[in-house]
Amino acid sequence: MRSFAIAAFVCLPLSAAPAAQDVPSFVNSETPALVDTYKDIHAHPELSHFEARTSHILAEALRAAGYTVTERVGRYPDGSQAYGVVGVLKNGPGPTLMVRADMDALPIVEETGVPYASHVTMKDLAGQTVGVMHACGHDVHTTVMIGTARAMVAMKSQWHGTLMLVGQPSEETIDGAKAMLADHLYKRFGRPDRIIGLHDTNGLAAGTVGVRSGASAASSTSIDVVIRGIGGHGAYPNAGRDPITLAALYITQIQTIVSREEDPQDPTVVTVGHIEGGTKRNIIPDQVKLELTTRSFSDKSRDTVIRGLEQMAAGITASAGLPPEKATTVTVLDDESTPVLYNDPAQTALVRATLVKALGADNVSDIPRAMASEDVGVFALPNHEIPLTYFILGAMDPVKLTAAHAAGKELPGPHTSRFEPLPEPTIRTGVTAMTSVAISLLQ
Ligand SMILES: [Zn+2]
Ligand SMILES: [Zn+2]
């Protein structure tokens with residue numbers, strides 16, 4: 001018995017699956033089940049802060065694959081617990097690689113018409129009932145993480161070190177990554193040596209990926225502006241100071257920050273996305289509230305925007321002859337802001353080479369930087385302390401994409417009701433890409 005046991009032990013690495021297994025054939029065999037999982041998650045989207053079901057599906061899948069899993073990782077500033085998931089697989093000495101996927105959906109009524117479309121409504125944080133849709137493809141990301149988890153177990157003989165899979169909640173509200181760090185993610189589970197992640201896109205065909213070195217997505221800064229005036233009867237504007245007129249002037253004036261004060265070589269965006277003031281046509285209100293987002297790739301351009309908003313706010317107050325207690329205020333919301341997403345050049349070069357090897361050079365493109373933002377960069381810590389690479393996963397039906405581009409159009413993109421990833425090649429490519437990259441970074 002004893003010699004048999006030794007013989008079996010010695011034989012195991014040779015006869016067990018890993019030696020015969022390669023990434024593409026393993027992923028091909030897993031893809032049908034993963035597509036079912038994707039459709040299930042897609043049909044049951046959950047808003048940021050409410051990812052109970054999705055996070056549990058991810059946690060159970062990682063547990064079943066052999067990972068040590070912790071749920072409810074993350075704490076928001078109000079003290080509430082987030083739905084973050086951490087799955088750890090130790091495989092001998094070596095570096096720690098963190099793979100990040102986000103899990104939340106958006107308050108959008110789905111209009112894709114696919115058989116697995118969402119019909120879900122739920123109450124948002126403000127208590128309003130809204131339609132919910134995976135309109136940013138975080139269902140793709142979660143599913144790709146499940147597939148990658150399984151593939152990395154099957155490929156255990158090809159890598160060593162520690163794999164740390166992080167299911168992040170609340171990307172759309174850009175407070176999920178911060179909540180996980182605030183809950184001592186790195187103290188509890190170890191500080192990773194490297195971080196990777198992916199996001200799907202309407203700009204590339206399913207079966208392909210895109211990558212960029214250096215600054216890849218802009219920083220996002222949320223800013224509230226309150227323009228105060230002196231309310232009164234709409235028939236007697238001379239008796240007060242109309243904040244709606246002041247708001248109109250201010251909104252027009254702040255557009256000159258980008259066009260006249262910023263360096264044209266350093267792109268910046270200032271958008272007023274929400275304006276609220278007044279109750280009735282014949283009442284002049286006391287104040288108007290503006291919600292702004294700004295996007296930039298440097299601290300300099302971000303600071304120029306904030307300084308411009310403050311100076312012009314002071315100018316509005318002065319020009320209306322308002323007293324200090326009626327001053328227009330500008331408040332930067334750090335909890336709702338996120339840094340530039342910076343892809344570490346050395347690591348990204350290795351990732352790109354791996355993607356070319358795994359998918360073929362024709363299926364890997366170099367992509368422009370995006371003015372959109374992503375909070376995955378928060379995990380890299382200030383000054384890009386931990387090397388991070390975030391690549392882009394093509395998700396569109398190639399035939400439809402070619403036809404759209406030939407007509408000079410784009411297919412519906414993320415954050416729209418008709419954003420429609422093509423499940424099968426997208427998920428297969430995502431798992432192949434992520435697994436190949438993870439193996440190459442865990443050598
Ligand atoms: Zn999004
Ligand atoms: Zn997204």
# chains A, B, ... in the order shown; residues from 1 in each chain; ligands from 1
call {"tool": "closest_atom_pairs", "arguments": {"of": "range 244-302 of chain A", "to": "range 331-341 of chain A", "cutoff": "10 Å", "atoms": "only C-alpha atoms", "output": "tab-separated table"}}
result
residue	atom	partner	partner_atom	distance
A:Glu291	CA	A:Thr331	CA	9.9
A:Leu292	CA	A:Val332	CA	9.6
A:Thr293	CA	A:Ser337	CA	8.9
A:Thr294	CA	A:Ser337	CA	9.4
A:Arg295	CA	A:Val340	CA	9.0
A:Ser296	CA	A:Val340	CA	7.7
A:Phe297	CA	A:Val340	CA	6.1
A:Ser298	CA	A:Val340	CA	7.7
A:Asp299	CA	A:Val340	CA	9.3
call {"tool": "residues_around", "arguments": {"residues": "range 152-167 of chain A", "least_positions_apart": "5", "cutoff": "6 Å", "atoms": "only C-alpha atoms", "output": "number ranges by chain"}}
result
A: 18, 84-102, 439, 442-443
call {"tool": "write_last_selection", "arguments": {"atoms": "N, CA and C atoms", "output": "PDB file, in the first residue's frame"}}
result
ATOM      1  N   PRO A  18      -3.391  19.324 -15.312  1.00  0.00           N
ATOM      2  CA  PRO A  18      -2.615  20.501 -15.701  1.00  0.00           C
ATOM      3  C   PRO A  18      -1.592  20.280 -16.808  1.00  0.00           C
ATOM      4  N   GLY A  84     -18.274  43.590  -1.158  1.00  0.00           N
ATOM      5  CA  GLY A  84     -17.033  43.171  -1.793  1.00  0.00           C
ATOM      6  C   GLY A  84     -16.733  41.704  -1.523  1.00  0.00           C
ATOM      7  N   VAL A  85     -16.097  41.062  -2.497  1.00  0.00           N
ATOM      8  CA  VAL A  85     -15.721  39.642  -2.379  1.00  0.00           C
ATOM      9  C   VAL A  85     -14.218  39.529  -2.592  1.00  0.00           C
ATOM     10  N   VAL A  86     -13.554  38.745  -1.751  1.00  0.00           N
ATOM     11  CA  VAL A  86     -12.135  38.466  -1.952  1.00  0.00           C
ATOM     12  C   VAL A  86     -11.932  36.956  -1.950  1.00  0.00           C
ATOM     13  N   GLY A  87     -11.330  36.436  -3.009  1.00  0.00           N
ATOM     14  CA  GLY A  87     -11.003  35.015  -3.099  1.00  0.00           C
ATOM     15  C   GLY A  87      -9.501  34.865  -3.255  1.00  0.00           C
ATOM     16  N   VAL A  88      -8.897  34.044  -2.403  1.00  0.00           N
ATOM     17  CA  VAL A  88      -7.440  33.900  -2.427  1.00  0.00           C
ATOM     18  C   VAL A  88      -7.075  32.445  -2.727  1.00  0.00           C
ATOM     19  N   LEU A  89      -6.108  32.282  -3.623  1.00  0.00           N
ATOM     20  CA  LEU A  89      -5.567  30.950  -3.935  1.00  0.00           C
ATOM     21  C   LEU A  89      -4.053  31.025  -3.831  1.00  0.00           C
ATOM     22  N   LYS A  90      -3.507  30.292  -2.863  1.00  0.00           N
ATOM     23  CA  LYS A  90      -2.053  30.270  -2.689  1.00  0.00           C
ATOM     24  C   LYS A  90      -1.495  29.088  -3.455  1.00  0.00           C
ATOM     25  N   ASN A  91      -0.415  29.338  -4.174  1.00  0.00           N
ATOM     26  CA  ASN A  91       0.174  28.277  -4.998  1.00  0.00           C
ATOM     27  C   ASN A  91       1.695  28.378  -4.917  1.00  0.00           C
ATOM     28  N   GLY A  92       2.190  28.224  -3.695  1.00  0.00           N
ATOM     29  CA  GLY A  92       3.636  28.255  -3.487  1.00  0.00           C
ATOM     30  C   GLY A  92       4.190  29.657  -3.393  1.00  0.00           C
ATOM     31  N   PRO A  93       5.523  29.750  -3.248  1.00  0.00           N
ATOM     32  CA  PRO A  93       6.139  31.077  -3.122  1.00  0.00           C
ATOM     33  C   PRO A  93       6.061  31.842  -4.440  1.00  0.00           C
ATOM     34  N   GLY A  94       6.081  33.173  -4.330  1.00  0.00           N
ATOM     35  CA  GLY A  94       6.014  33.986  -5.553  1.00  0.00           C
ATOM     36  C   GLY A  94       5.228  35.247  -5.295  1.00  0.00           C
ATOM     37  N   PRO A  95       5.048  36.066  -6.328  1.00  0.00           N
ATOM     38  CA  PRO A  95       4.352  37.348  -6.165  1.00  0.00           C
ATOM     39  C   PRO A  95       2.854  37.162  -5.924  1.00  0.00           C
ATOM     40  N   THR A  96       2.234  38.231  -5.450  1.00  0.00           N
ATOM     41  CA  THR A  96       0.771  38.249  -5.312  1.00  0.00           C
ATOM     42  C   THR A  96       0.187  39.099  -6.432  1.00  0.00           C
ATOM     43  N   LEU A  97      -0.710  38.495  -7.172  1.00  0.00           N
ATOM     44  CA  LEU A  97      -1.385  39.206  -8.266  1.00  0.00           C
ATOM     45  C   LEU A  97      -2.845  39.419  -7.893  1.00  0.00           C
ATOM     46  N   MET A  98      -3.281  40.655  -7.970  1.00  0.00           N
ATOM     47  CA  MET A  98      -4.696  40.951  -7.737  1.00  0.00           C
ATOM     48  C   MET A  98      -5.410  41.118  -9.078  1.00  0.00           C
ATOM     49  N   VAL A  99      -6.533  40.413  -9.221  1.00  0.00           N
ATOM     50  CA  VAL A  99      -7.399  40.584 -10.397  1.00  0.00           C
ATOM     51  C   VAL A  99      -8.688  41.221  -9.896  1.00  0.00           C
ATOM     52  N   ARG A 100      -9.091  42.287 -10.549  1.00  0.00           N
ATOM     53  CA  ARG A 100     -10.268  43.009 -10.067  1.00  0.00           C
ATOM     54  C   ARG A 100     -11.396  42.954 -11.098  1.00  0.00           C
ATOM     55  N   ALA A 101     -12.626  42.688 -10.627  1.00  0.00           N
ATOM     56  CA  ALA A 101     -13.826  42.780 -11.467  1.00  0.00           C
ATOM     57  C   ALA A 101     -14.880  43.559 -10.696  1.00  0.00           C
ATOM     58  N   ASP A 102     -15.628  44.408 -11.385  1.00  0.00           N
ATOM     59  CA  ASP A 102     -16.715  45.128 -10.721  1.00  0.00           C
ATOM     60  C   ASP A 102     -18.041  44.423 -11.000  1.00  0.00           C
ATOM     61  N   ILE A 439      -1.186  34.231 -15.714  1.00  0.00           N
ATOM     62  CA  ILE A 439      -0.103  33.231 -15.696  1.00  0.00           C
ATOM     63  C   ILE A 439       1.232  33.925 -15.978  1.00  0.00           C
ATOM     64  N   LEU A 442       2.617  35.718 -13.001  1.00  0.00           N
ATOM     65  CA  LEU A 442       2.866  34.901 -11.811  1.00  0.00           C
ATOM     66  C   LEU A 442       3.945  33.857 -12.135  1.00  0.00           C
ATOM     67  N   GLN A 443       5.080  34.339 -12.593  1.00  0.00           N
ATOM     68  CA  GLN A 443       6.182  33.439 -12.917  1.00  0.00           C
ATOM     69  C   GLN A 443       7.308  33.625 -11.902  1.00  0.00           C
TER      70      GLN A 443
END
call {"tool": "residues_around", "arguments": {"residues": "Arg212 in chain A", "least_positions_apart": "4", "cutoff": "8 Å", "atoms": "only C-alpha atoms", "output": "ChimeraX atom specification"}}
result
/A:216,343,348,366-369,391
call {"tool": "residues_near_ligand", "arguments": {"ligand": "ligand 1", "cutoff": "7 Å", "atoms": "only C-alpha atoms and all ligand atoms", "output": "VMD selection string"}}
result
chain A and resid 136 172 414 to 415
call {"tool": "closest_atom_pairs", "arguments": {"of": "range 328-380 of chain A", "to": "range 256-277 of chain A", "cutoff": "12 Å", "atoms": "only C-alpha atoms", "output": "tab-separated table"}}
result
residue	atom	partner	partner_atom	distance
A:Arg369	CA	A:Pro267	CA	10.5
A:Ala370	CA	A:Pro267	CA	10.3
A:Met371	CA	A:Val269	CA	7.9
A:Ala372	CA	A:Val269	CA	10.1
A:Ser373	CA	A:Val269	CA	11.8
call {"tool": "residues_around", "arguments": {"residues": "Leu185 in chain A", "least_positions_apart": "4", "cutoff": "10 Å", "atoms": "only C-alpha atoms", "output": "list in words"}}
result
Val73, Gly74, Gly84, Val86, Val166, Ala177, Lys178, Ala179, Met180, Leu181, Phe189, Gly190, Arg191 and Phe379 of chain A
call {"tool": "select_by_dssp", "arguments": {"residues": "range 243-320 of chain A", "states": "strand (DSSP E)", "output": "list in words"}}
result
Thr268, Val269, Val270, Thr271, Val272, Gly273, His274, Ile275, Glu276, Gly277, Ile283, Ile284, Gln287, Val288, Lys289, Leu290, Glu291, Leu292, Thr293, Thr294, Arg295 and Ser296 of chain A
call {"tool": "write_last_selection", "arguments": {"atoms": "N, CA and C atoms", "output": "compact mmCIF listing (two decimals), in the first residue's frame"}}
result
# COMPACT_ATOMS: atom_id res chain seq x y z
N THR A 268 -9.26 68.48 -20.97
CA THR A 268 -10.05 68.65 -19.75
C THR A 268 -11.52 68.77 -20.15
N VAL A 269 -12.40 68.32 -19.27
CA VAL A 269 -13.83 68.48 -19.50
C VAL A 269 -14.46 69.08 -18.25
N VAL A 270 -15.39 70.03 -18.46
CA VAL A 270 -16.24 70.51 -17.37
C VAL A 270 -17.68 70.35 -17.83
N THR A 271 -18.45 69.54 -17.10
CA THR A 271 -19.84 69.32 -17.47
C THR A 271 -20.75 69.58 -16.27
N VAL A 272 -21.78 70.40 -16.51
CA VAL A 272 -22.84 70.56 -15.51
C VAL A 272 -23.91 69.54 -15.87
N GLY A 273 -24.05 68.51 -15.05
CA GLY A 273 -24.98 67.43 -15.40
C GLY A 273 -26.32 67.53 -14.70
N HIS A 274 -26.40 68.40 -13.70
CA HIS A 274 -27.65 68.49 -12.93
C HIS A 274 -27.81 69.91 -12.43
N ILE A 275 -29.01 70.46 -12.60
CA ILE A 275 -29.28 71.82 -12.12
C ILE A 275 -30.65 71.82 -11.46
N GLU A 276 -30.72 72.46 -10.31
CA GLU A 276 -31.95 72.39 -9.54
C GLU A 276 -32.17 73.73 -8.85
N GLY A 277 -33.33 74.33 -9.12
CA GLY A 277 -33.63 75.59 -8.44
C GLY A 277 -35.05 76.02 -8.74
N ILE A 283 -42.12 82.56 -8.90
CA ILE A 283 -41.38 82.74 -7.64
C ILE A 283 -39.88 82.74 -7.95
N ILE A 284 -39.19 83.76 -7.52
CA ILE A 284 -37.72 83.77 -7.63
C ILE A 284 -37.17 83.01 -6.43
N GLN A 287 -31.95 79.97 -4.08
CA GLN A 287 -30.68 79.39 -4.53
C GLN A 287 -30.88 78.42 -5.67
N VAL A 288 -29.79 78.17 -6.39
CA VAL A 288 -29.76 77.16 -7.45
C VAL A 288 -28.57 76.26 -7.18
N LYS A 289 -28.80 74.93 -7.28
CA LYS A 289 -27.70 74.00 -7.03
C LYS A 289 -27.26 73.37 -8.36
N LEU A 290 -25.97 73.33 -8.60
CA LEU A 290 -25.41 72.70 -9.80
C LEU A 290 -24.55 71.51 -9.37
N GLU A 291 -24.65 70.41 -10.11
CA GLU A 291 -23.75 69.27 -9.88
C GLU A 291 -22.86 69.14 -11.12
N LEU A 292 -21.55 69.19 -10.89
CA LEU A 292 -20.59 69.17 -11.99
C LEU A 292 -19.71 67.93 -11.91
N THR A 293 -19.24 67.52 -13.08
CA THR A 293 -18.13 66.57 -13.12
C THR A 293 -17.04 67.19 -13.98
N THR A 294 -15.79 67.01 -13.57
CA THR A 294 -14.69 67.45 -14.41
C THR A 294 -13.78 66.25 -14.65
N ARG A 295 -13.16 66.22 -15.82
CA ARG A 295 -12.26 65.12 -16.18
C ARG A 295 -10.93 65.71 -16.61
N SER A 296 -9.84 65.08 -16.18
CA SER A 296 -8.53 65.58 -16.59
C SER A 296 -7.49 64.48 -16.44
call {"tool": "closest_residue", "arguments": {"among": "A:Ala182, A:Ile223, A:Val376, A:Ala149", "to": "ligand 2", "atoms": "only C-alpha atoms and all ligand atoms"}}
result
A:Val376
call {"tool": "atom_distance", "arguments": {"atom1": "CA of Arg228 in chain A", "atom2": "CA of Ala327 in chain A"}}
result
6.3 Å
call {"tool": "closest_residue", "arguments": {"among": "A:Ala247, A:Leu422, A:Ala395, A:Leu388", "to": "Val35 in chain A", "atoms": "only C-alpha atoms"}}
result
A:Leu422
call {"tool": "closest_residue", "arguments": {"among": "A:Ala206, A:Ala433, A:Leu47, A:Ile227", "to": "Lys326 in chain A", "atoms": "only C-alpha atoms"}}
result
A:Ile227
call {"tool": "atom_distance", "arguments": {"atom1": "CA of Thr328 in chain A", "atom2": "CA of Lys300 in chain A"}}
result
23.6 Å
call {"tool": "select_by_dssp", "arguments": {"residues": "range 376-435 of chain A", "states": "alpha helix (DSSP H)", "output": "VMD selection string"}}
result
chain A and resid 398 to 406 423 to 435
call {"tool": "closest_residue", "arguments": {"among": "A:Gly214, A:Gly137, A:Gly394, A:Gly229", "to": "ligand 2", "atoms": "only C-alpha atoms and all ligand atoms"}}
result
A:Gly137
call {"tool": "closest_residue", "arguments": {"among": "A:Ala218, A:Ile146, A:Ala346, A:Ala105", "to": "ligand 2", "atoms": "only C-alpha atoms and all ligand atoms"}}
result
A:Ala105
call {"tool": "atom_distance", "arguments": {"atom1": "CA of Ala82 in chain A", "atom2": "CA of Asp124 in chain A"}}
result
15.0 Å
call {"tool": "residues_around", "arguments": {"residues": "range 38-45 of chain A", "least_positions_apart": "5", "cutoff": "6 Å", "atoms": "only C-alpha atoms", "output": "list in words"}}
result
Ala105, Tyr116, Ala117, Ser118, Met133, His134, Asp139 and Thr143 of chain A
call {"tool": "residues_around", "arguments": {"residues": "Phe26 in chain A", "least_positions_apart": "4", "cutoff": "8 Å", "atoms": "only C-alpha atoms", "output": "list in words"}}
result
Gln21, Asp22, Glu30, Ala151 and Ala154 of chain A
call {"tool": "closest_residue", "arguments": {"among": "A:Pro423, A:Gly147, A:Pro387, A:Pro169", "to": "ligand 2", "atoms": "only C-alpha atoms and all ligand atoms"}}
result
A:Pro169
call {"tool": "residues_around", "arguments": {"residues": "range 351-357 of chain A", "least_positions_apart": "2", "cutoff": "12 Å", "atoms": "only C-alpha atoms", "output": "PDB file with C-alpha atoms, in the first residue's frame"}}
result
ATOM      1  CA  VAL A  23      -5.717  27.666 -21.700  1.00  0.00           C
ATOM      2  CA  PRO A  24      -7.780  27.748 -24.943  1.00  0.00           C
ATOM      3  CA  ARG A 194       0.606  43.691  -9.318  1.00  0.00           C
ATOM      4  CA  ILE A 195      -2.993  44.450 -10.326  1.00  0.00           C
ATOM      5  CA  ILE A 196      -4.897  43.640 -13.510  1.00  0.00           C
ATOM      6  CA  GLY A 197      -8.463  44.164 -14.672  1.00  0.00           C
ATOM      7  CA  LEU A 198     -10.523  44.609 -17.806  1.00  0.00           C
ATOM      8  CA  GLY A 207     -12.783  38.278 -29.937  1.00  0.00           C
ATOM      9  CA  THR A 208     -10.414  41.240 -29.713  1.00  0.00           C
ATOM     10  CA  VAL A 209      -8.865  43.383 -26.982  1.00  0.00           C
ATOM     11  CA  GLY A 210      -7.332  46.845 -26.714  1.00  0.00           C
ATOM     12  CA  VAL A 211      -4.565  48.127 -24.482  1.00  0.00           C
ATOM     13  CA  ARG A 212      -2.810  51.383 -23.730  1.00  0.00           C
ATOM     14  CA  SER A 213       0.310  52.254 -21.764  1.00  0.00           C
ATOM     15  CA  ASN A 343      -1.230  51.639 -16.814  1.00  0.00           C
ATOM     16  CA  ASP A 344       2.301  50.863 -15.655  1.00  0.00           C
ATOM     17  CA  PRO A 345       4.429  50.932 -18.853  1.00  0.00           C
ATOM     18  CA  ALA A 346       6.743  47.981 -18.037  1.00  0.00           C
ATOM     19  CA  GLN A 347       3.966  45.703 -16.835  1.00  0.00           C
ATOM     20  CA  THR A 348       1.668  46.785 -19.658  1.00  0.00           C
ATOM     21  CA  ALA A 349       4.333  45.903 -22.242  1.00  0.00           C
ATOM     22  CA  LEU A 359      -5.112  35.991 -29.158  1.00  0.00           C
ATOM     23  CA  GLY A 360      -2.976  36.805 -32.210  1.00  0.00           C
ATOM     24  CA  ALA A 361      -1.527  40.196 -33.186  1.00  0.00           C
ATOM     25  CA  ASP A 362      -4.574  41.026 -35.351  1.00  0.00           C
ATOM     26  CA  ASN A 363      -6.789  40.793 -32.292  1.00  0.00           C
ATOM     27  CA  VAL A 364      -4.854  43.216 -30.091  1.00  0.00           C
ATOM     28  CA  SER A 365      -5.126  46.935 -30.809  1.00  0.00           C
ATOM     29  CA  ASP A 366      -3.628  50.046 -29.270  1.00  0.00           C
ATOM     30  CA  ILE A 367      -6.396  52.304 -28.067  1.00  0.00           C
ATOM     31  CA  PRO A 387       1.807  48.489 -11.022  1.00  0.00           C
ATOM     32  CA  LEU A 388      -1.600  48.180 -12.662  1.00  0.00           C
ATOM     33  CA  THR A 389      -2.748  47.226 -16.147  1.00  0.00           C
ATOM     34  CA  TYR A 390      -6.360  47.625 -17.174  1.00  0.00           C
ATOM     35  CA  PHE A 391      -7.146  46.428 -20.672  1.00  0.00           C
ATOM     36  CA  ILE A 392     -10.239  46.670 -22.836  1.00  0.00           C
ATOM     37  CA  LEU A 393     -12.352  43.741 -24.015  1.00  0.00           C
ATOM     38  CA  THR A 429     -11.902  35.917 -25.123  1.00  0.00           C
ATOM     39  CA  GLY A 430     -12.056  37.643 -21.734  1.00  0.00           C
ATOM     40  CA  VAL A 431     -11.239  34.467 -19.804  1.00  0.00           C
ATOM     41  CA  THR A 432      -8.495  33.457 -22.262  1.00  0.00           C
ATOM     42  CA  ALA A 433      -6.948  36.921 -22.082  1.00  0.00           C
ATOM     43  CA  MET A 434      -7.186  37.323 -18.310  1.00  0.00           C
ATOM     44  CA  THR A 435      -5.896  33.811 -17.579  1.00  0.00           C
ATOM     45  CA  SER A 436      -2.970  34.141 -20.001  1.00  0.00           C
ATOM     46  CA  VAL A 437      -2.020  37.514 -18.498  1.00  0.00           C
ATOM     47  CA  ALA A 438      -2.338  36.215 -14.922  1.00  0.00           C
ATOM     48  CA  ILE A 439      -0.103  33.231 -15.696  1.00  0.00           C
ATOM     49  CA  SER A 440       2.516  35.480 -17.318  1.00  0.00           C
ATOM     50  CA  LEU A 441       2.576  37.793 -14.278  1.00  0.00           C
ATOM     51  CA  LEU A 442       2.866  34.901 -11.811  1.00  0.00           C
TER      52      LEU A 442
END
call {"tool": "decode", "arguments": {"residues": "range 185-210 of chain A", "atoms": "N, CA and C atoms", "output": "PDB file, in the first residue's frame"}}
result
ATOM      1  N   LEU A 185      -8.432  46.135   3.138  1.00  0.00           N
ATOM      2  CA  LEU A 185      -8.267  45.063   2.149  1.00  0.00           C
ATOM      3  C   LEU A 185      -6.848  44.498   2.152  1.00  0.00           C
ATOM      4  N   TYR A 186      -5.851  45.394   2.090  1.00  0.00           N
ATOM      5  CA  TYR A 186      -4.475  44.916   1.951  1.00  0.00           C
ATOM      6  C   TYR A 186      -3.901  44.398   3.267  1.00  0.00           C
ATOM      7  N   LYS A 187      -4.369  44.954   4.384  1.00  0.00           N
ATOM      8  CA  LYS A 187      -3.901  44.441   5.684  1.00  0.00           C
ATOM      9  C   LYS A 187      -4.448  43.037   5.915  1.00  0.00           C
ATOM     10  N   ARG A 188      -5.685  42.835   5.513  1.00  0.00           N
ATOM     11  CA  ARG A 188      -6.340  41.544   5.794  1.00  0.00           C
ATOM     12  C   ARG A 188      -5.919  40.447   4.812  1.00  0.00           C
ATOM     13  N   PHE A 189      -5.715  40.823   3.565  1.00  0.00           N
ATOM     14  CA  PHE A 189      -5.500  39.790   2.538  1.00  0.00           C
ATOM     15  C   PHE A 189      -4.138  39.893   1.867  1.00  0.00           C
ATOM     16  N   GLY A 190      -3.330  40.862   2.283  1.00  0.00           N
ATOM     17  CA  GLY A 190      -2.006  41.027   1.672  1.00  0.00           C
ATOM     18  C   GLY A 190      -2.021  42.105   0.606  1.00  0.00           C
ATOM     19  N   ARG A 191      -0.893  42.831   0.548  1.00  0.00           N
ATOM     20  CA  ARG A 191      -0.773  43.897  -0.448  1.00  0.00           C
ATOM     21  C   ARG A 191      -0.263  43.263  -1.739  1.00  0.00           C
ATOM     22  N   PRO A 192      -1.013  43.422  -2.841  1.00  0.00           N
ATOM     23  CA  PRO A 192      -0.574  42.773  -4.089  1.00  0.00           C
ATOM     24  C   PRO A 192       0.669  43.431  -4.671  1.00  0.00           C
ATOM     25  N   ASP A 193       1.444  42.636  -5.417  1.00  0.00           N
ATOM     26  CA  ASP A 193       2.600  43.190  -6.128  1.00  0.00           C
ATOM     27  C   ASP A 193       2.189  43.763  -7.471  1.00  0.00           C
ATOM     28  N   ARG A 194       1.091  43.234  -8.014  1.00  0.00           N
ATOM     29  CA  ARG A 194       0.606  43.691  -9.318  1.00  0.00           C
ATOM     30  C   ARG A 194      -0.914  43.620  -9.331  1.00  0.00           C
ATOM     31  N   ILE A 195      -1.524  44.449 -10.195  1.00  0.00           N
ATOM     32  CA  ILE A 195      -2.993  44.450 -10.326  1.00  0.00           C
ATOM     33  C   ILE A 195      -3.358  44.426 -11.810  1.00  0.00           C
ATOM     34  N   ILE A 196      -4.361  43.608 -12.140  1.00  0.00           N
ATOM     35  CA  ILE A 196      -4.897  43.640 -13.510  1.00  0.00           C
ATOM     36  C   ILE A 196      -6.430  43.660 -13.461  1.00  0.00           C
ATOM     37  N   GLY A 197      -7.006  44.140 -14.545  1.00  0.00           N
ATOM     38  CA  GLY A 197      -8.463  44.164 -14.672  1.00  0.00           C
ATOM     39  C   GLY A 197      -8.822  44.422 -16.116  1.00  0.00           C
ATOM     40  N   LEU A 198     -10.097  44.311 -16.433  1.00  0.00           N
ATOM     41  CA  LEU A 198     -10.523  44.609 -17.806  1.00  0.00           C
ATOM     42  C   LEU A 198     -11.885  45.271 -17.802  1.00  0.00           C
ATOM     43  N   HIS A 199     -12.200  45.956 -18.904  1.00  0.00           N
ATOM     44  CA  HIS A 199     -13.529  46.529 -19.115  1.00  0.00           C
ATOM     45  C   HIS A 199     -13.958  46.285 -20.548  1.00  0.00           C
ATOM     46  N   ASP A 200     -15.234  45.944 -20.719  1.00  0.00           N
ATOM     47  CA  ASP A 200     -15.718  45.706 -22.080  1.00  0.00           C
ATOM     48  C   ASP A 200     -16.012  47.043 -22.783  1.00  0.00           C
ATOM     49  N   THR A 201     -16.178  46.973 -24.093  1.00  0.00           N
ATOM     50  CA  THR A 201     -16.379  48.195 -24.890  1.00  0.00           C
ATOM     51  C   THR A 201     -17.262  47.921 -26.095  1.00  0.00           C
ATOM     52  N   ASN A 202     -17.949  48.985 -26.543  1.00  0.00           N
ATOM     53  CA  ASN A 202     -18.706  48.919 -27.796  1.00  0.00           C
ATOM     54  C   ASN A 202     -17.819  49.291 -28.986  1.00  0.00           C
ATOM     55  N   GLY A 203     -16.563  49.652 -28.717  1.00  0.00           N
ATOM     56  CA  GLY A 203     -15.694  50.128 -29.791  1.00  0.00           C
ATOM     57  C   GLY A 203     -14.909  49.035 -30.490  1.00  0.00           C
ATOM     58  N   LEU A 204     -14.883  47.829 -29.898  1.00  0.00           N
ATOM     59  CA  LEU A 204     -14.098  46.733 -30.476  1.00  0.00           C
ATOM     60  C   LEU A 204     -14.975  45.491 -30.635  1.00  0.00           C
ATOM     61  N   ALA A 205     -14.623  44.680 -31.617  1.00  0.00           N
ATOM     62  CA  ALA A 205     -15.377  43.453 -31.879  1.00  0.00           C
ATOM     63  C   ALA A 205     -15.079  42.395 -30.820  1.00  0.00           C
ATOM     64  N   ALA A 206     -16.077  41.595 -30.511  1.00  0.00           N
ATOM     65  CA  ALA A 206     -15.875  40.443 -29.638  1.00  0.00           C
ATOM     66  C   ALA A 206     -14.795  39.560 -30.259  1.00  0.00           C
ATOM     67  N   GLY A 207     -13.908  39.062 -29.433  1.00  0.00           N
ATOM     68  CA  GLY A 207     -12.783  38.278 -29.937  1.00  0.00           C
ATOM     69  C   GLY A 207     -11.491  39.082 -29.958  1.00  0.00           C
ATOM     70  N   THR A 208     -11.603  40.391 -29.687  1.00  0.00           N
ATOM     71  CA  THR A 208     -10.414  41.240 -29.713  1.00  0.00           C
ATOM     72  C   THR A 208     -10.288  42.014 -28.389  1.00  0.00           C
ATOM     73  N   VAL A 209      -9.098  42.552 -28.172  1.00  0.00           N
ATOM     74  CA  VAL A 209      -8.865  43.383 -26.982  1.00  0.00           C
ATOM     75  C   VAL A 209      -8.096  44.639 -27.391  1.00  0.00           C
ATOM     76  N   GLY A 210      -8.104  45.620 -26.498  1.00  0.00           N
ATOM     77  CA  GLY A 210      -7.332  46.845 -26.714  1.00  0.00           C
ATOM     78  C   GLY A 210      -6.540  47.153 -25.465  1.00  0.00           C
TER      79      GLY A 210
END
